Structure formats: structure tokens, C-alpha cells
file data.cif (mmCIF, C-alpha atoms and all ligand atoms)
data_start
loop_
_atom_site.label_atom_id
_atom_site.label_comp_id
_atom_site.auth_asym_id
_atom_site.auth_seq_id
_atom_site.Cartn_x
_atom_site.Cartn_y
_atom_site.Cartn_z
CA MET A 5 1.49 -12.90 16.76
CA GLU A 6 3.47 -16.03 16.02
CA ARG A 7 4.38 -15.42 12.37
CA LEU A 8 3.91 -12.29 10.24
CA LEU A 9 4.53 -12.53 6.49
CA ILE A 10 5.83 -9.42 4.70
CA THR A 11 5.80 -9.69 0.91
CA GLY A 12 7.77 -7.25 -1.22
CA ALA A 13 10.38 -7.27 1.54
CA ALA A 14 13.24 -6.34 -0.81
CA GLY A 15 11.43 -3.19 -1.91
CA GLN A 16 11.73 0.40 -0.78
CA LEU A 17 9.06 0.08 1.92
CA GLY A 18 9.72 -3.59 2.68
CA ARG A 19 13.34 -2.95 3.60
CA VAL A 20 12.26 -0.34 6.15
CA MET A 21 9.31 -2.33 7.51
CA ARG A 22 11.35 -5.52 7.86
CA LYS A 23 13.02 -3.87 10.86
CA LYS A 24 10.23 -1.63 12.12
CA LEU A 25 7.55 -4.34 12.19
CA ALA A 26 9.82 -6.93 13.83
CA PRO A 27 8.31 -6.40 17.33
CA LEU A 28 4.87 -7.43 16.06
CA ALA A 29 5.56 -11.16 15.82
CA LYS A 30 7.87 -13.85 17.16
CA THR A 31 8.86 -14.73 13.59
CA ILE A 32 8.88 -12.47 10.54
CA ARG A 33 8.67 -14.33 7.24
CA LEU A 34 10.05 -12.21 4.40
CA SER A 35 9.48 -12.74 0.73
CA ASP A 36 10.24 -11.13 -2.61
CA ARG A 37 11.13 -12.26 -6.10
CA ALA A 38 14.30 -10.16 -5.75
CA PRO A 39 17.13 -11.34 -3.49
CA LEU A 40 16.73 -10.56 0.21
CA ASP A 41 19.41 -9.75 2.76
CA PRO A 42 20.26 -12.83 4.90
CA PRO A 43 17.75 -13.53 7.70
CA ALA A 44 18.27 -12.26 11.24
CA GLU A 45 17.51 -14.59 14.16
CA ASN A 46 13.76 -13.90 14.18
CA GLU A 47 13.42 -13.96 10.37
CA GLU A 48 12.73 -16.48 7.59
CA CYS A 49 13.43 -15.58 3.96
CA THR A 50 11.78 -17.06 0.88
CA GLN A 51 12.48 -15.85 -2.65
CA CYS A 52 9.44 -16.48 -4.84
CA ASP A 53 7.31 -14.95 -7.55
CA LEU A 54 3.75 -14.00 -6.65
CA ALA A 55 2.65 -15.45 -10.00
CA ASP A 56 3.72 -18.94 -8.81
CA ALA A 57 0.59 -20.32 -7.12
CA SER A 58 2.18 -23.28 -5.36
CA ALA A 59 5.10 -21.18 -4.07
CA VAL A 60 2.64 -18.60 -2.70
CA ASN A 61 0.60 -21.38 -1.13
CA GLU A 62 3.68 -22.61 0.76
CA LEU A 63 4.65 -19.05 1.64
CA VAL A 64 1.36 -18.32 3.40
CA ALA A 65 1.19 -21.65 5.30
CA GLY A 66 1.72 -21.11 9.02
CA CYS A 67 1.34 -17.31 8.97
CA ASP A 68 -1.22 -15.54 11.14
CA ALA A 69 -0.94 -12.13 9.49
CA ILE A 70 0.22 -10.73 6.16
CA VAL A 71 1.51 -7.29 5.17
CA HIS A 72 1.25 -7.49 1.39
CA LEU A 73 3.70 -5.00 -0.11
CA GLY A 74 4.82 -7.17 -3.04
CA GLY A 75 3.97 -6.22 -6.60
CA ILE A 76 4.50 -3.66 -9.30
CA SER A 77 4.44 -0.24 -7.64
CA VAL A 78 4.49 2.16 -10.61
CA GLU A 79 3.16 2.28 -14.16
CA ARG A 80 4.66 -0.60 -16.19
CA PRO A 81 3.76 -2.74 -19.22
CA PHE A 82 0.54 -4.65 -18.63
CA SER A 83 2.12 -8.13 -18.66
CA GLU A 84 4.25 -7.24 -15.61
CA ILE A 85 1.27 -5.78 -13.78
CA LEU A 86 -0.83 -8.80 -14.72
CA ASP A 87 1.60 -11.31 -13.18
CA ALA A 88 2.32 -9.44 -9.97
CA ASN A 89 -0.81 -7.46 -9.12
CA ILE A 90 -3.62 -9.48 -10.71
CA LEU A 91 -2.50 -13.12 -10.74
CA GLY A 92 -0.33 -12.52 -7.67
CA LEU A 93 -3.29 -11.15 -5.71
CA TYR A 94 -5.49 -14.08 -6.67
CA ASN A 95 -2.74 -16.50 -5.62
CA LEU A 96 -2.33 -14.74 -2.28
CA TYR A 97 -6.06 -14.79 -1.47
CA GLU A 98 -6.44 -18.42 -2.52
CA ALA A 99 -3.45 -19.32 -0.33
CA ALA A 100 -4.96 -17.37 2.57
CA ARG A 101 -8.26 -19.22 2.08
CA ALA A 102 -6.41 -22.53 2.23
CA HIS A 103 -4.53 -21.56 5.41
CA HIS A 104 -7.00 -20.26 8.02
CA GLN A 105 -7.46 -16.79 6.51
CA PRO A 106 -4.69 -14.76 8.14
CA ARG A 107 -5.63 -11.07 8.35
CA ILE A 108 -4.14 -9.09 5.45
CA LEU A 109 -2.95 -5.51 5.17
CA PHE A 110 -3.05 -4.86 1.42
CA ALA A 111 -0.82 -2.04 0.16
CA SER A 112 -3.23 -0.35 -2.24
CA THR A 113 -2.57 3.12 -3.58
CA ASN A 114 -3.88 6.63 -4.07
CA HIS A 115 -3.56 5.90 -7.81
CA THR A 116 -6.94 4.14 -7.57
CA ILE A 117 -8.37 7.67 -7.40
CA GLY A 118 -5.55 9.59 -9.10
CA TYR A 119 -7.69 11.49 -11.60
CA TYR A 120 -9.59 13.45 -8.91
CA PRO A 121 -8.54 17.07 -8.81
CA GLN A 122 -6.62 18.15 -5.75
CA SER A 123 -9.48 20.54 -4.90
CA GLU A 124 -11.75 17.60 -3.92
CA ARG A 125 -11.93 15.98 -0.48
CA LEU A 126 -12.54 12.25 -0.69
CA GLY A 127 -14.16 9.75 1.66
CA PRO A 128 -13.84 5.97 1.32
CA ASP A 129 -16.84 5.63 -1.02
CA ALA A 130 -15.65 7.94 -3.78
CA PRO A 131 -15.90 6.08 -7.12
CA TYR A 132 -12.60 4.86 -8.53
CA ARG A 133 -10.75 7.17 -10.93
CA PRO A 134 -7.48 5.26 -11.52
CA ASP A 135 -4.73 7.14 -13.31
CA GLY A 136 -3.12 4.17 -15.15
CA LEU A 137 -2.96 0.40 -15.43
CA TYR A 138 -1.10 0.26 -12.11
CA GLY A 139 -4.00 2.06 -10.43
CA VAL A 140 -6.50 -0.21 -12.19
CA SER A 141 -4.65 -3.28 -10.88
CA LYS A 142 -4.97 -1.99 -7.31
CA CYS A 143 -8.72 -1.39 -7.89
CA PHE A 144 -8.82 -5.07 -8.87
CA GLY A 145 -6.95 -5.98 -5.69
CA GLU A 146 -9.40 -4.01 -3.55
CA ALA A 147 -12.38 -5.62 -5.31
CA LEU A 148 -10.86 -9.09 -4.95
CA ALA A 149 -10.24 -8.55 -1.24
CA ARG A 150 -13.78 -7.27 -0.77
CA MET A 151 -15.21 -10.33 -2.53
CA TYR A 152 -13.16 -12.69 -0.33
CA PHE A 153 -14.52 -10.82 2.69
CA ASP A 154 -18.14 -11.03 1.56
CA LYS A 155 -17.89 -14.65 0.43
CA PHE A 156 -15.52 -16.14 3.00
CA GLY A 157 -15.07 -13.57 5.80
CA GLN A 158 -11.41 -12.92 4.91
CA GLU A 159 -10.42 -9.68 6.67
CA THR A 160 -8.28 -7.10 4.85
CA ALA A 161 -7.26 -3.49 5.44
CA LEU A 162 -7.43 -1.82 2.02
CA LEU A 163 -4.68 0.68 2.68
CA ARG A 164 -4.58 3.35 -0.02
CA ILE A 165 -1.08 4.61 0.63
CA GLY A 166 -0.28 8.17 -0.41
CA SER A 167 3.51 8.60 -0.44
CA CYS A 168 5.32 6.52 2.18
CA VAL A 169 8.82 7.95 1.96
CA PRO A 170 11.23 9.36 4.56
CA GLU A 171 10.06 12.92 3.86
CA PRO A 172 8.04 14.81 1.22
CA VAL A 173 10.13 15.58 -1.86
CA ASN A 174 7.58 17.63 -3.83
CA TYR A 175 4.60 19.91 -3.17
CA ARG A 176 2.04 17.16 -3.76
CA MET A 177 3.56 15.07 -0.98
CA LEU A 178 2.67 17.80 1.53
CA SER A 179 -0.82 16.28 1.09
CA THR A 180 -0.03 12.61 0.40
CA TRP A 181 2.83 11.89 2.80
CA LEU A 182 2.61 8.89 5.14
CA SER A 183 5.52 8.75 7.55
CA HIS A 184 7.16 5.42 8.24
CA ASP A 185 6.21 5.70 11.92
CA ASP A 186 2.56 6.33 11.06
CA PHE A 187 2.64 3.29 8.75
CA VAL A 188 3.90 1.24 11.70
CA SER A 189 1.23 2.52 14.13
CA LEU A 190 -1.44 1.86 11.52
CA THR A 191 -0.19 -1.69 10.99
CA GLU A 192 -0.29 -2.26 14.75
CA ALA A 193 -3.87 -0.93 14.89
CA VAL A 194 -4.95 -3.15 11.98
CA PHE A 195 -3.63 -6.32 13.62
CA ARG A 196 -4.69 -5.34 17.14
CA ALA A 197 -8.35 -4.70 16.26
CA PRO A 198 -10.60 -7.50 17.58
CA VAL A 199 -12.69 -7.23 14.41
CA LEU A 200 -11.44 -5.55 11.24
CA GLY A 201 -13.77 -6.29 8.34
CA CYS A 202 -12.56 -4.90 5.03
CA PRO A 203 -12.30 -1.12 5.35
CA VAL A 204 -10.72 1.33 2.94
CA ILE A 205 -8.09 3.27 4.89
CA TRP A 206 -6.39 6.37 3.53
CA GLY A 207 -2.68 5.96 4.14
CA ALA A 208 -1.64 9.52 4.96
CA SER A 209 -0.19 11.20 8.02
CA ALA A 210 -2.02 14.02 9.84
CA ASN A 211 -1.07 16.48 7.09
CA ASP A 212 -2.55 19.99 7.31
CA ALA A 213 -2.81 19.90 3.51
CA GLY A 214 -4.39 16.42 3.37
CA TRP A 215 -7.29 15.56 1.06
CA TRP A 216 -8.63 12.32 2.49
CA ASP A 217 -11.19 11.73 5.21
CA ASN A 218 -10.57 8.77 7.54
CA SER A 219 -13.39 9.62 9.95
CA HIS A 220 -15.13 6.32 9.05
CA ILE A 221 -12.35 4.33 10.78
CA GLY A 222 -12.35 6.19 14.12
CA TRP A 223 -13.15 2.81 15.76
CA LEU A 224 -9.70 1.54 14.72
CA GLY A 225 -8.05 3.91 17.18
CA TRP A 226 -5.29 4.92 14.71
CA ARG A 227 -4.07 8.45 15.36
CA PRO A 228 -1.32 9.46 12.90
CA LYS A 229 1.21 11.69 14.63
CA ASP A 230 3.26 13.20 11.81
CA ASN A 231 2.44 16.18 9.61
CA ALA A 232 4.15 16.96 6.29
CA GLU A 233 3.74 20.67 7.03
CA VAL A 234 6.98 20.67 9.04
CA PHE A 235 8.82 20.12 5.73
CA ARG A 236 7.15 22.98 3.80
CA ASP A 237 9.86 25.59 4.32
CA LYS A 238 12.66 23.15 3.46
CA LEU A 239 10.77 22.08 0.35
CA ALA A 240 10.14 25.68 -0.71
CA ALA A 241 13.84 26.48 -0.32
CA ASN A 242 14.93 23.55 -2.50
CA THR A 243 12.13 23.00 -5.00
CA PRO A 244 10.78 25.30 -7.72
CA LYS A 245 7.04 25.92 -7.33
CA PRO A 246 5.18 24.03 -10.12
CA GLN A 247 2.94 25.93 -12.56
CA PRO A 248 -0.81 25.57 -11.75
CA SER A 249 -1.17 23.61 -15.02
CA ASP A 250 1.36 20.97 -13.83
CA SER A 251 -0.26 17.58 -13.10
CA LEU A 252 1.78 17.46 -9.91
CA VAL A 253 -0.45 20.16 -8.42
CA ARG A 254 -3.65 19.48 -10.39
CA TYR A 255 -4.41 15.81 -9.82
CA GLN A 256 -4.36 13.71 -6.65
CA GLY A 257 -2.28 11.13 -8.53
CA GLY A 258 0.18 13.85 -9.58
CA ALA A 259 2.52 13.03 -12.47
CA PHE A 260 1.16 9.46 -12.75
CA VAL A 261 -1.68 10.88 -14.90
CA ASP A 262 0.95 11.80 -17.52
CA ASP A 263 2.27 8.24 -17.85
CA PRO A 264 1.56 6.59 -21.20
CA ILE A 265 0.31 3.00 -21.53
CA PHE A 266 3.72 1.36 -21.85
CA GLU A 267 4.42 -0.91 -24.83
CA GLU A 268 5.20 -4.57 -24.11
P1 LIG B 1 8.82 -1.37 -4.48
O1 LIG B 1 8.62 -1.46 -5.96
O2 LIG B 1 10.08 -0.74 -3.98
O3 LIG B 1 8.70 -2.83 -3.85
C1 LIG B 1 7.84 -3.82 -4.35
C2 LIG B 1 8.55 -5.15 -4.24
O4 LIG B 1 7.68 -6.14 -4.82
C3 LIG B 1 9.88 -5.20 -5.00
O5 LIG B 1 10.94 -5.56 -4.14
C4 LIG B 1 9.67 -6.24 -6.09
O6 LIG B 1 10.80 -7.05 -6.34
C5 LIG B 1 8.50 -7.06 -5.52
N1 LIG B 1 7.75 -7.69 -6.60
C6 LIG B 1 7.32 -7.14 -7.76
N2 LIG B 1 6.72 -8.05 -8.53
C7 LIG B 1 6.79 -9.22 -7.85
C8 LIG B 1 6.36 -10.53 -8.13
N3 LIG B 1 5.74 -10.84 -9.31
N4 LIG B 1 6.58 -11.49 -7.22
C9 LIG B 1 7.21 -11.20 -6.05
N5 LIG B 1 7.66 -9.98 -5.73
C10 LIG B 1 7.43 -8.99 -6.62
O7 LIG B 1 7.53 -0.62 -3.89
P2 LIG B 1 7.36 0.09 -2.48
O8 LIG B 1 7.51 1.54 -2.65
O9 LIG B 1 8.18 -0.60 -1.47
O10 LIG B 1 5.83 -0.18 -2.20
C11 LIG B 1 5.38 -1.35 -1.56
C12 LIG B 1 3.90 -1.54 -1.87
O11 LIG B 1 3.16 -0.42 -1.44
C13 LIG B 1 3.60 -1.73 -3.35
O12 LIG B 1 2.59 -2.70 -3.49
C14 LIG B 1 3.07 -0.37 -3.79
O13 LIG B 1 2.14 -0.49 -4.84
C15 LIG B 1 2.41 0.12 -2.51
N6 LIG B 1 2.45 1.57 -2.41
C16 LIG B 1 3.60 2.20 -2.05
C17 LIG B 1 3.66 3.57 -1.94
C18 LIG B 1 4.87 4.28 -1.47
O14 LIG B 1 4.81 5.49 -1.29
N7 LIG B 1 5.98 3.61 -1.24
C19 LIG B 1 2.46 4.39 -2.25
C20 LIG B 1 1.30 3.61 -2.63
C21 LIG B 1 1.31 2.25 -2.69
C1 LIG B 2 2.61 4.83 -5.41
O1 LIG B 2 1.64 4.07 -5.57
C2 LIG B 2 3.98 4.38 -5.73
O2 LIG B 2 4.16 3.01 -5.42
C3 LIG B 2 5.05 5.18 -5.01
O3 LIG B 2 6.29 4.92 -5.66
C4 LIG B 2 4.76 6.68 -4.98
O4 LIG B 2 5.00 7.21 -6.23
C5 LIG B 2 3.34 6.95 -4.53
O5 LIG B 2 2.37 6.11 -5.12
C6 LIG B 2 2.88 8.40 -4.74
O6 LIG B 2 1.79 8.61 -5.26
O7 LIG B 2 3.61 9.30 -4.34
#
call {"tool": "encode", "arguments": {"input": "data.cif", "output": "C-alpha cells"}}
result
Amino acid sequence: MERLLITGAAGQLGRVMRKKLAPLAKTIRLSDRAPLDPPAENEECTQCDLADASAVNELVAGCDAIVHLGGISVERPFSEILDANILGLYNLYEAARAHHQPRILFASTNHTIGYYPQSERLGPDAPYRPDGLYGVSKCFGEALARMYFDKFGQETALLRIGSCVPEPVNYRMLSTWLSHDDFVSLTEAVFRAPVLGCPVIWGASANDAGWWDNSHIGWLGWRPKDNAEVFRDKLAANTPKPQPSDSLVRYQGGAFVDDPIFEE
């Protein structure tokens, strides 16, 4: 690829992927509303808010792929979610439509289905059960992406990330963990595929305790290599076992179901 745009590049995942995705393109364009570290030789940095339509339009110009990590990533007051995850998504897709429809990997979340009990195994067609306004905003993002695919042919990977962190830090993450390396191999597969469409992809490693069925995307050739199980003993040694009534071990969205609707 000539130029890959990574939004949310100052965030937890963006800071890691800035380096790990560098081999995918000659130039990596990085963006966030927060300050970014100075650009390396192969990088371009643009500080802008996703709610600013003309800034997003300029940001997307000249890019042939987008990893969209930018946005509110936890439960927050609705006005913040509205700007970043609703208006921001619309601005991104309109910019993509204006600039040759670069393929998009959209960082959606397991919180689109967070109210399912952990006893259920889910495929890509399970009805939404978001566990908060954050989850609802990602349902909107998925629906928006799907509409731009049906109407205009815009391709997007709807990546419902579980927990993309260095290692699982609670019992739930033994099921939801997505290793950084598996995120990278998935991103490569998404941009390598001759035809992508607009599939839902569960963003989890090959966890023995996993809940989500990715058999519908066998054609993508993504084979996650990591397995959260290797951390179980370490976790058990350092973490008290939650009570069965604890949301952390009841719901797929874990403690997010306990979040209130935050006041403005
Ligand atoms: P993060 O909160 O650390 O990073 C998000 C970045 O987006 C931040 O640097 C923030 O400044 C930026 N941002 C927020 N609002 C913005 C706006 N209006 N305009 C421009 N930039 C804005 O989140 P993290 O963990 O890096 O996650 C990245 C993406 O992946 C998020 O979209 C999140 O919803 C999604 N995700 C992440 C998971 C994880 O385990 N890390 C799990 C599921 C989804
Ligand atoms: C998410 O959507 C959040 O962005 C991230 O911070 C994690 O909490 C993750 O889900 C999770 O469910 O573990």
C-alpha cells in the first residue's frame, strides 16, 4: 500500500499499532485529537477531531486504507460519544466516499453484544445486545458501514474487538483476549484479501475459553496464533476468583453492564 491512515493513533492500541503496522504501507498517516509523538521518516501526523468534517475530509485524501481506531472507547456521557462515534463515523465514511473508497478496518467492540450471558456461543448474525451507550454507538457504526457497502460498495471489516491488551488481566479476558500480534495478522489479512465485502469479524485470539464463532470468515485466511489459556495459572495466582453473581463472569460485556448512563 502507498498510504495507510491510522486514526486514534495516540490511544492505547494506536500507539502499539503505529509501529507494528508500519510494514504495511510506504507511508503511515497518523491522526488523533490528542497530541501525537513526532513523526518518524515513514510517518505523517495530523491532529484533528473526528467531529470536524472538513478536517476529516483532508485527512482521508490520498489514503488507500484506513484502520479506524479513533473514538470514545468506554462508557462516557452521550455528547462525547455523539461527537466521536456517531458524527465522527459519518464524517469518515463521507470522506471515504469522496476519496475513492479506501478499504476500512473499523474497530467495533464486543460491547455491541455485551448483555449476552457468557454461556452462549455467538455467530456473526446474533442480534445486538449492547451494554451501554458506547456499545450502541458501535452498533450505529456497524450499521453505517453496512449501508455504505450496500449503497456504494465501500468495503469495511467490522472488527468486534474483545480485549486487545498485552495480556489478560481478569478471568473474562481468558475468553475475550486478542493479542497484539493476532490483531496485526488480522489487519494484514483484511487488506490483503482481493475482495472483502463488509463482514463482522470477532476480534479474539484462538482462546480455549472463547465464545465467538469466526467460521464464516474462513475465506479470509486469518489464523490467530495466540491463546489466553497460557496466562490462566498466572492469573489464578494473582487474581481473586469472582463470585458467580459478578457481571465480570456473567455477561460477555463483563463489568460494562454495570456502568450507569453518565450525566452530561
Ligand atoms: P483509546 O481510548 O486508548 O484510544 C482512542 C483514541 O481516540 C484516543 O487517543 C482519543 O484521543 C481518540 N479520540 C477520541 N475521540 C476523538 C475524536 N472526537 N476525534 C479524534 N480522536 C478521538 O482506545 P483503544 O483501547 O486504543 O481502542 C482503540 C479502538 O478500538 C477504539 O475505537 C475502541 O472502541 C476499540 N476497541 C478497543 C478494545 C481494546 O481492547 N483496546 C476493545 C474493543 C474495541
Ligand atoms: C472495549 O470496547 C474497550 O475499548 C476496552 O477498553 C476494553 O475494556 C474492552 O472493550 C473489553 O471489553 O475488555
call {"tool": "closest_atom_pairs", "arguments": {"input": "data.cif", "of": "chain A", "to": "ligand LIG 2 (chain B)", "cutoff": "8 Å", "atoms": "only C-alpha atoms and all ligand atoms", "output": "CSV"}}
result
residue,atom,partner,partner_atom,distance
A:Ile76,CA,B:LIG2,O2,7.7
A:Ser77,CA,B:LIG2,O2,3.9
A:Val78,CA,B:LIG2,O2,5.3
A:Ser112,CA,B:LIG2,O1,7.4
A:Thr113,CA,B:LIG2,O1,4.8
A:Asn114,CA,B:LIG2,O6,6.1
A:His115,CA,B:LIG2,O1,6.0
A:Gly139,CA,B:LIG2,O1,7.7
A:Ile165,CA,B:LIG2,O1,6.8
A:Gly166,CA,B:LIG2,O6,5.3
A:Ser167,CA,B:LIG2,O7,4.0
A:Cys168,CA,B:LIG2,C5,7.0
A:Met177,CA,B:LIG2,O7,6.7
A:Thr180,CA,B:LIG2,O7,6.8
A:Trp181,CA,B:LIG2,O7,7.6
A:Gly257,CA,B:LIG2,O6,5.8
A:Gly258,CA,B:LIG2,O6,7.0
A:Phe260,CA,B:LIG2,O6,7.6
call {"tool": "write_last_selection", "arguments": {"input": "data.cif", "atoms": "C-alpha atoms", "output": "short mmCIF file (atom, residue, chain, number, x, y, z; two decimals), in the coordinates of the input"}}
result
data_model
loop_
_atom_site.label_atom_id
_atom_site.label_comp_id
_atom_site.auth_asym_id
_atom_site.auth_seq_id
_atom_site.Cartn_x
_atom_site.Cartn_y
_atom_site.Cartn_z
CA ILE A 76 4.50 -3.66 -9.30
CA SER A 77 4.44 -0.24 -7.64
CA VAL A 78 4.49 2.16 -10.61
CA SER A 112 -3.23 -0.35 -2.24
CA THR A 113 -2.57 3.12 -3.58
CA ASN A 114 -3.88 6.63 -4.07
CA HIS A 115 -3.56 5.90 -7.81
CA GLY A 139 -4.00 2.06 -10.43
CA ILE A 165 -1.08 4.61 0.63
CA GLY A 166 -0.28 8.17 -0.41
CA SER A 167 3.51 8.60 -0.44
CA CYS A 168 5.32 6.52 2.18
CA MET A 177 3.56 15.07 -0.98
CA THR A 180 -0.03 12.61 0.40
CA TRP A 181 2.83 11.89 2.80
CA GLY A 257 -2.28 11.13 -8.53
CA GLY A 258 0.18 13.85 -9.58
CA PHE A 260 1.16 9.46 -12.75
#
call {"tool": "closest_atom_pairs", "arguments": {"input": "data.cif", "of": "chain A", "to": "ligand LIG 1 (chain B)", "cutoff": "7 Å", "atoms": "all atoms listed in the file", "output": "Markdown table"}}
result
| residue | atom | partner | partner_atom | distance |
| --- | --- | --- | --- | --- |
| A:Thr11 | CA | B:LIG1 | N5 | 6.9 |
| A:Gly12 | CA | B:LIG1 | C2 | 3.8 |
| A:Ala13 | CA | B:LIG1 | O5 | 6.0 |
| A:Ala14 | CA | B:LIG1 | O5 | 4.1 |
| A:Gly15 | CA | B:LIG1 | O5 | 3.3 |
| A:Gln16 | CA | B:LIG1 | O9 | 3.8 |
| A:Leu17 | CA | B:LIG1 | O9 | 3.6 |
| A:Gly18 | CA | B:LIG1 | O9 | 5.3 |
| A:Asp36 | CA | B:LIG1 | N5 | 4.2 |
| A:Arg37 | CA | B:LIG1 | C9 | 4.1 |
| A:Ala38 | CA | B:LIG1 | O6 | 4.7 |
| A:Cys52 | CA | B:LIG1 | C9 | 5.9 |
| A:Asp53 | CA | B:LIG1 | N4 | 3.6 |
| A:Leu54 | CA | B:LIG1 | N4 | 3.8 |
| A:Ala55 | CA | B:LIG1 | N3 | 5.6 |
| A:His72 | CA | B:LIG1 | O12 | 7.0 |
| A:Leu73 | CA | B:LIG1 | C12 | 3.9 |
| A:Gly74 | CA | B:LIG1 | O4 | 3.5 |
| A:Gly75 | CA | B:LIG1 | C6 | 3.7 |
| A:Ile76 | CA | B:LIG1 | C6 | 4.7 |
| A:Ser77 | CA | B:LIG1 | O13 | 3.6 |
| A:Val78 | CA | B:LIG1 | O13 | 6.8 |
| A:Asp87 | CA | B:LIG1 | N3 | 5.7 |
| A:Ala88 | CA | B:LIG1 | N3 | 3.8 |
| A:Gly92 | CA | B:LIG1 | N3 | 6.5 |
| A:Ala111 | CA | B:LIG1 | O11 | 4.6 |
| A:Ser112 | CA | B:LIG1 | C21 | 5.3 |
| A:Thr113 | CA | B:LIG1 | C20 | 4.0 |
| A:Asn114 | CA | B:LIG1 | C20 | 6.2 |
| A:Arg164 | CA | B:LIG1 | C20 | 6.4 |
| A:Ile165 | CA | B:LIG1 | C20 | 4.2 |
| A:Gly166 | CA | B:LIG1 | C19 | 5.0 |
| A:Ser167 | CA | B:LIG1 | O14 | 3.5 |
| A:Cys168 | CA | B:LIG1 | O14 | 3.7 |
| A:Val169 | CA | B:LIG1 | O14 | 5.7 |
call {"tool": "closest_residue", "arguments": {"input": "data.cif", "among": "A:Ala208, A:Ile117, A:Ala57, A:Ala241", "to": "A:Arg133", "atoms": "all atoms listed in the file"}}
result
A:Ile117
call {"tool": "residues_around", "arguments": {"input": "data.cif", "residues": "A:Ile205", "least_positions_apart": "3", "cutoff": "10 Å", "atoms": "only C-alpha atoms", "output": "PyMOL selection string"}}
result
chain A and resi 112+127-128+161-165+190+202+208+216-221
call {"tool": "closest_residue", "arguments": {"input": "data.cif", "among": "A:Ala65, A:Ala210, A:Val261, A:Ala99", "to": "A:Asp185", "atoms": "all atoms listed in the file"}}
result
A:Ala210
call {"tool": "closest_residue", "arguments": {"input": "data.cif", "among": "A:Ala102, A:Leu8, A:Leu86, A:Val204", "to": "A:Glu47", "atoms": "all atoms listed in the file"}}
result
A:Leu8
call {"tool": "closest_residue", "arguments": {"input": "data.cif", "among": "A:Pro121, A:Tyr97, A:Ala130, A:Ala197", "to": "A:Arg150", "atoms": "only C-alpha atoms"}}
result
A:Tyr97
call {"tool": "residues_around", "arguments": {"input": "data.cif", "residues": "A:Phe153", "least_positions_apart": "6", "cutoff": "9 Å", "atoms": "all atoms listed in the file", "output": "mmCIF file with C-alpha atoms, keeping the file's coordinate frame"}}
result
data_model
loop_
_atom_site.group_PDB
_atom_site.id
_atom_site.type_symbol
_atom_site.label_atom_id
_atom_site.label_comp_id
_atom_site.auth_asym_id
_atom_site.auth_seq_id
_atom_site.Cartn_x
_atom_site.Cartn_y
_atom_site.Cartn_z
ATOM 1 C CA GLU A 159 -10.420 -9.680 6.670
ATOM 2 C CA THR A 160 -8.280 -7.100 4.850
ATOM 3 C CA GLY A 201 -13.770 -6.290 8.340
ATOM 4 C CA CYS A 202 -12.560 -4.900 5.030
#
call {"tool": "closest_residue", "arguments": {"input": "data.cif", "among": "A:Tyr119, A:Tyr175, A:Lys155, A:Tyr138", "to": "A:Lys245", "atoms": "all atoms listed in the file"}}
result
A:Tyr175
call {"tool": "atom_distance", "arguments": {"input": "data.cif", "atom1": "atom CA of A:Cys49", "atom2": "atom CA of A:His184"}}
result
22.3 Å
call {"tool": "atom_distance", "arguments": {"input": "data.cif", "atom1": "atom CA of A:Pro228", "atom2": "atom CA of A:Leu109"}}
result
16.9 Å
call {"tool": "closest_residue", "arguments": {"input": "data.cif", "among": "A:Ser179, A:Ser35, A:Gln105, A:Asn95", "to": "A:Glu48", "atoms": "all atoms listed in the file"}}
result
A:Ser35
call {"tool": "atom_distance", "arguments": {"input": "data.cif", "atom1": "atom CA of A:Ala29", "atom2": "atom CA of A:Pro43"}}
result
14.8 Å
call {"tool": "residues_around", "arguments": {"input": "data.cif", "residues": "A:Ile32", "least_positions_apart": "6", "cutoff": "10 Å", "atoms": "only C-alpha atoms", "output": "PyMOL selection string"}}
result
chain A and resi 5-10+22-23+25-26+43-49+67+69-70
call {"tool": "write_last_selection", "arguments": {"input": "data.cif", "atoms": "C-alpha atoms", "output": "mmCIF file, in the frame of the given file"}}
result
data_model
loop_
_atom_site.group_PDB
_atom_site.id
_atom_site.type_symbol
_atom_site.label_atom_id
_atom_site.label_comp_id
_atom_site.auth_asym_id
_atom_site.auth_seq_id
_atom_site.Cartn_x
_atom_site.Cartn_y
_atom_site.Cartn_z
ATOM 1 C CA MET A 5 1.490 -12.900 16.760
ATOM 2 C CA GLU A 6 3.470 -16.030 16.020
ATOM 3 C CA ARG A 7 4.380 -15.420 12.370
ATOM 4 C CA LEU A 8 3.910 -12.290 10.240
ATOM 5 C CA LEU A 9 4.530 -12.530 6.490
ATOM 6 C CA ILE A 10 5.830 -9.420 4.700
ATOM 7 C CA ARG A 22 11.350 -5.520 7.860
ATOM 8 C CA LYS A 23 13.020 -3.870 10.860
ATOM 9 C CA LEU A 25 7.550 -4.340 12.190
ATOM 10 C CA ALA A 26 9.820 -6.930 13.830
ATOM 11 C CA PRO A 43 17.750 -13.530 7.700
ATOM 12 C CA ALA A 44 18.270 -12.260 11.240
ATOM 13 C CA GLU A 45 17.510 -14.590 14.160
ATOM 14 C CA ASN A 46 13.760 -13.900 14.180
ATOM 15 C CA GLU A 47 13.420 -13.960 10.370
ATOM 16 C CA GLU A 48 12.730 -16.480 7.590
ATOM 17 C CA CYS A 49 13.430 -15.580 3.960
ATOM 18 C CA CYS A 67 1.340 -17.310 8.970
ATOM 19 C CA ALA A 69 -0.940 -12.130 9.490
ATOM 20 C CA ILE A 70 0.220 -10.730 6.160
#
